[in-house]
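Before any comments, here is the structure.
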Amino acid sequence: MDTRPGISLIELMVLSVPGCPNVPLLEQRLEQALAGRPTVTVRRVIADADEAARCGMCGSPTLLVNGHDPFAVPGTGPALACRMYEGEGGRLEGAPTVGALRRALEQADTRFVPARARSQGRSLSSRPAPGTGSPSSSPPGSAVANRGERSR
């Protein structure tokens, strides 16, 4: 990863409930959308509603780009449930499309990335941040939240 001065990084945080089956799909699509862009990616498993509210998770998985949820729907609150995104042809999917992710990344303000993110220099292939864990393989819940989300 290129961390020379003048090279902007995008900080990505993937928030999920334990065992979320859609995290691998999100990560696969992110890899395609990033196309070699320098990023720092942190995974965080959210265990309760208070933590979801503190972190800004409105369903699982939630992607924060430089601390902002580019797929947020106004009025939607924190949720420990499956998050659905509008896919191709209006079909609901468990992760944003590659095109929607590319648009969100293009709109990201890459001028500000926290110093800790620059110093960690992790990518999608790296280990999770200490204390954040990684998604387990336990069965997902049956709740569905945020139907009809649209990318901006």
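A note on labels: chains of the structure tokens are A, B, ... as shown, every chain counts residues from 1, and ligands are counted from 1 in their shown order.
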
| task | Pick out the residues sitting within 6 Å of Ser60 in chain A, and hand them over as a PyMOL selection string; count only C-alpha atoms, and ignore anything fewer than 5 positions along from it in its own chain. | result | chain A and resi 16-17+81-83

Store the residues of this selection in a file with C-alpha atoms, as a PDB file, in the first residue's frame.
```pdb
ATOM      1  CA  SER A  16     -21.705  -6.507  11.185  1.00  0.00           C
ATOM      2  CA  VAL A  17     -23.507  -8.772  13.597  1.00  0.00           C
ATOM      3  CA  ALA A  81     -30.778  -7.125  11.752  1.00  0.00           C
ATOM      4  CA  CYS A  82     -29.999  -7.964   8.155  1.00  0.00           C
ATOM      5  CA  ARG A  83     -29.559  -4.887   6.011  1.00  0.00           C
TER       6      ARG A  83
END
```

| field | Test item, alpha helix (DSSP H) assignment across range 16-107 of chain A, answer as a VMD selection string | value | chain A and resid 23 to 34 49 to 55 98 to 107

| message | I'd like to know which residues of range 1-50 of chain A are strand (DSSP E) (by DSSP, run on the backbone); could you write them as an NGL selection string? | response | :A and (10-16 or 39-45)

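Residues in contact with Leu64 in chain A at up to 7 Å, not including ones fewer than 6 positions away on its chain and judged by only C-alpha atoms, are A:Leu12, A:Met13, A:Val14.
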
| request: Please provide the set of residues having any atom within 12 Å of Ala100 in chain A, restricted to only C-alpha atoms, with same-chain residues fewer than 3 positions apart removed, written as a PyMOL selection string. | output: chain A and resi 26+29-30+32-34+63+70-71+85-88+95-97+103-107+149-152

Please, could you write that set of residues out with N, CA and C atoms as a PDB file, in the first residue's frame?
```
ATOM      1  N   LEU A  26     -20.062  -8.403   0.593  1.00  0.00           N
ATOM      2  CA  LEU A  26     -19.655  -7.002   0.637  1.00  0.00           C
ATOM      3  C   LEU A  26     -18.155  -6.883   0.383  1.00  0.00           C
ATOM      4  N   ARG A  29     -17.299  -7.507  -3.292  1.00  0.00           N
ATOM      5  CA  ARG A  29     -17.683  -6.374  -4.139  1.00  0.00           C
ATOM      6  C   ARG A  29     -16.784  -5.166  -3.881  1.00  0.00           C
ATOM      7  N   LEU A  30     -16.377  -4.967  -2.632  1.00  0.00           N
ATOM      8  CA  LEU A  30     -15.448  -3.874  -2.329  1.00  0.00           C
ATOM      9  C   LEU A  30     -14.128  -4.064  -3.060  1.00  0.00           C
ATOM     10  N   GLN A  32     -13.601  -5.477  -5.852  1.00  0.00           N
ATOM     11  CA  GLN A  32     -13.819  -5.118  -7.257  1.00  0.00           C
ATOM     12  C   GLN A  32     -13.933  -3.608  -7.425  1.00  0.00           C
ATOM     13  N   ALA A  33     -14.648  -2.957  -6.506  1.00  0.00           N
ATOM     14  CA  ALA A  33     -14.879  -1.515  -6.618  1.00  0.00           C
ATOM     15  C   ALA A  33     -13.616  -0.709  -6.336  1.00  0.00           C
ATOM     16  N   LEU A  34     -12.768  -1.202  -5.459  1.00  0.00           N
ATOM     17  CA  LEU A  34     -11.570  -0.453  -5.079  1.00  0.00           C
ATOM     18  C   LEU A  34     -10.537  -0.389  -6.189  1.00  0.00           C
ATOM     19  N   LEU A  63     -21.428  -0.393   5.818  1.00  0.00           N
ATOM     20  CA  LEU A  63     -20.120   0.099   5.399  1.00  0.00           C
ATOM     21  C   LEU A  63     -20.030   1.580   5.722  1.00  0.00           C
ATOM     22  N   PRO A  70     -22.605   5.907   3.356  1.00  0.00           N
ATOM     23  CA  PRO A  70     -23.096   6.468   2.091  1.00  0.00           C
ATOM     24  C   PRO A  70     -24.429   5.884   1.641  1.00  0.00           C
ATOM     25  N   PHE A  71     -24.898   4.833   2.307  1.00  0.00           N
ATOM     26  CA  PHE A  71     -26.150   4.184   1.923  1.00  0.00           C
ATOM     27  C   PHE A  71     -27.240   4.403   2.975  1.00  0.00           C
ATOM     28  N   TYR A  85     -30.017  -3.965   0.486  1.00  0.00           N
ATOM     29  CA  TYR A  85     -29.660  -2.903  -0.444  1.00  0.00           C
ATOM     30  C   TYR A  85     -30.338  -3.179  -1.775  1.00  0.00           C
ATOM     31  N   GLU A  86     -30.648  -2.127  -2.507  1.00  0.00           N
ATOM     32  CA  GLU A  86     -31.246  -2.312  -3.818  1.00  0.00           C
ATOM     33  C   GLU A  86     -30.174  -2.758  -4.793  1.00  0.00           C
ATOM     34  N   GLY A  87     -30.443  -3.871  -5.450  1.00  0.00           N
ATOM     35  CA  GLY A  87     -29.500  -4.415  -6.412  1.00  0.00           C
ATOM     36  C   GLY A  87     -29.941  -4.107  -7.837  1.00  0.00           C
ATOM     37  N   GLU A  88     -29.342  -4.815  -8.767  1.00  0.00           N
ATOM     38  CA  GLU A  88     -29.684  -4.648 -10.178  1.00  0.00           C
ATOM     39  C   GLU A  88     -31.151  -4.980 -10.391  1.00  0.00           C
ATOM     40  N   ALA A  95     -25.763  -6.717   0.026  1.00  0.00           N
ATOM     41  CA  ALA A  95     -24.640  -5.776  -0.057  1.00  0.00           C
ATOM     42  C   ALA A  95     -24.881  -4.853  -1.244  1.00  0.00           C
ATOM     43  N   PRO A  96     -24.317  -3.647  -1.197  1.00  0.00           N
ATOM     44  CA  PRO A  96     -24.455  -2.745  -2.350  1.00  0.00           C
ATOM     45  C   PRO A  96     -23.808  -3.354  -3.598  1.00  0.00           C
ATOM     46  N   THR A  97     -24.282  -2.955  -4.757  1.00  0.00           N
ATOM     47  CA  THR A  97     -23.690  -3.422  -6.009  1.00  0.00           C
ATOM     48  C   THR A  97     -22.281  -2.831  -6.161  1.00  0.00           C
ATOM     49  N   ARG A 103     -19.453   4.425  -6.835  1.00  0.00           N
ATOM     50  CA  ARG A 103     -19.964   5.796  -6.706  1.00  0.00           C
ATOM     51  C   ARG A 103     -19.712   6.339  -5.298  1.00  0.00           C
ATOM     52  N   ALA A 104     -19.941   5.508  -4.296  1.00  0.00           N
ATOM     53  CA  ALA A 104     -19.717   5.943  -2.912  1.00  0.00           C
ATOM     54  C   ALA A 104     -18.247   6.255  -2.675  1.00  0.00           C
ATOM     55  N   LEU A 105     -17.360   5.449  -3.231  1.00  0.00           N
ATOM     56  CA  LEU A 105     -15.928   5.679  -3.064  1.00  0.00           C
ATOM     57  C   LEU A 105     -15.482   6.939  -3.797  1.00  0.00           C
ATOM     58  N   GLU A 106     -16.046   7.178  -4.970  1.00  0.00           N
ATOM     59  CA  GLU A 106     -15.701   8.386  -5.729  1.00  0.00           C
ATOM     60  C   GLU A 106     -16.136   9.639  -4.992  1.00  0.00           C
ATOM     61  N   GLN A 107     -17.235   9.555  -4.262  1.00  0.00           N
ATOM     62  CA  GLN A 107     -17.751  10.708  -3.533  1.00  0.00           C
ATOM     63  C   GLN A 107     -17.086  10.880  -2.169  1.00  0.00           C
ATOM     64  N   GLU A 149     -33.358   0.311   0.414  1.00  0.00           N
ATOM     65  CA  GLU A 149     -32.299   1.316   0.457  1.00  0.00           C
ATOM     66  C   GLU A 149     -31.836   1.631  -0.957  1.00  0.00           C
ATOM     67  N   ARG A 150     -31.499   2.846  -1.143  1.00  0.00           N
ATOM     68  CA  ARG A 150     -30.993   3.275  -2.454  1.00  0.00           C
ATOM     69  C   ARG A 150     -29.654   3.920  -2.265  1.00  0.00           C
ATOM     70  N   SER A 151     -28.779   3.711  -3.221  1.00  0.00           N
ATOM     71  CA  SER A 151     -27.468   4.370  -3.161  1.00  0.00           C
ATOM     72  C   SER A 151     -27.633   5.809  -3.629  1.00  0.00           C
ATOM     73  N   ARG A 152     -26.689   6.627  -3.168  1.00  0.00           N
ATOM     74  CA  ARG A 152     -26.704   8.033  -3.575  1.00  0.00           C
ATOM     75  C   ARG A 152     -25.528   8.303  -4.435  1.00  0.00           C
TER      76      ARG A 152
END
```

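In this comparison, which uses only C-alpha atoms, the residue of A:Leu92, A:Leu101, A:Ala108, A:Leu15 approaching Val45 in chain A most closely is A:Leu15.
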
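By chain and then residue number, the residues within 10 Å of Asp48 in chain A are A:Val17, A:Ala53, A:Ala79, A:Leu80, counting only C-alpha atoms and disregarding those fewer than 5 positions away in sequence.
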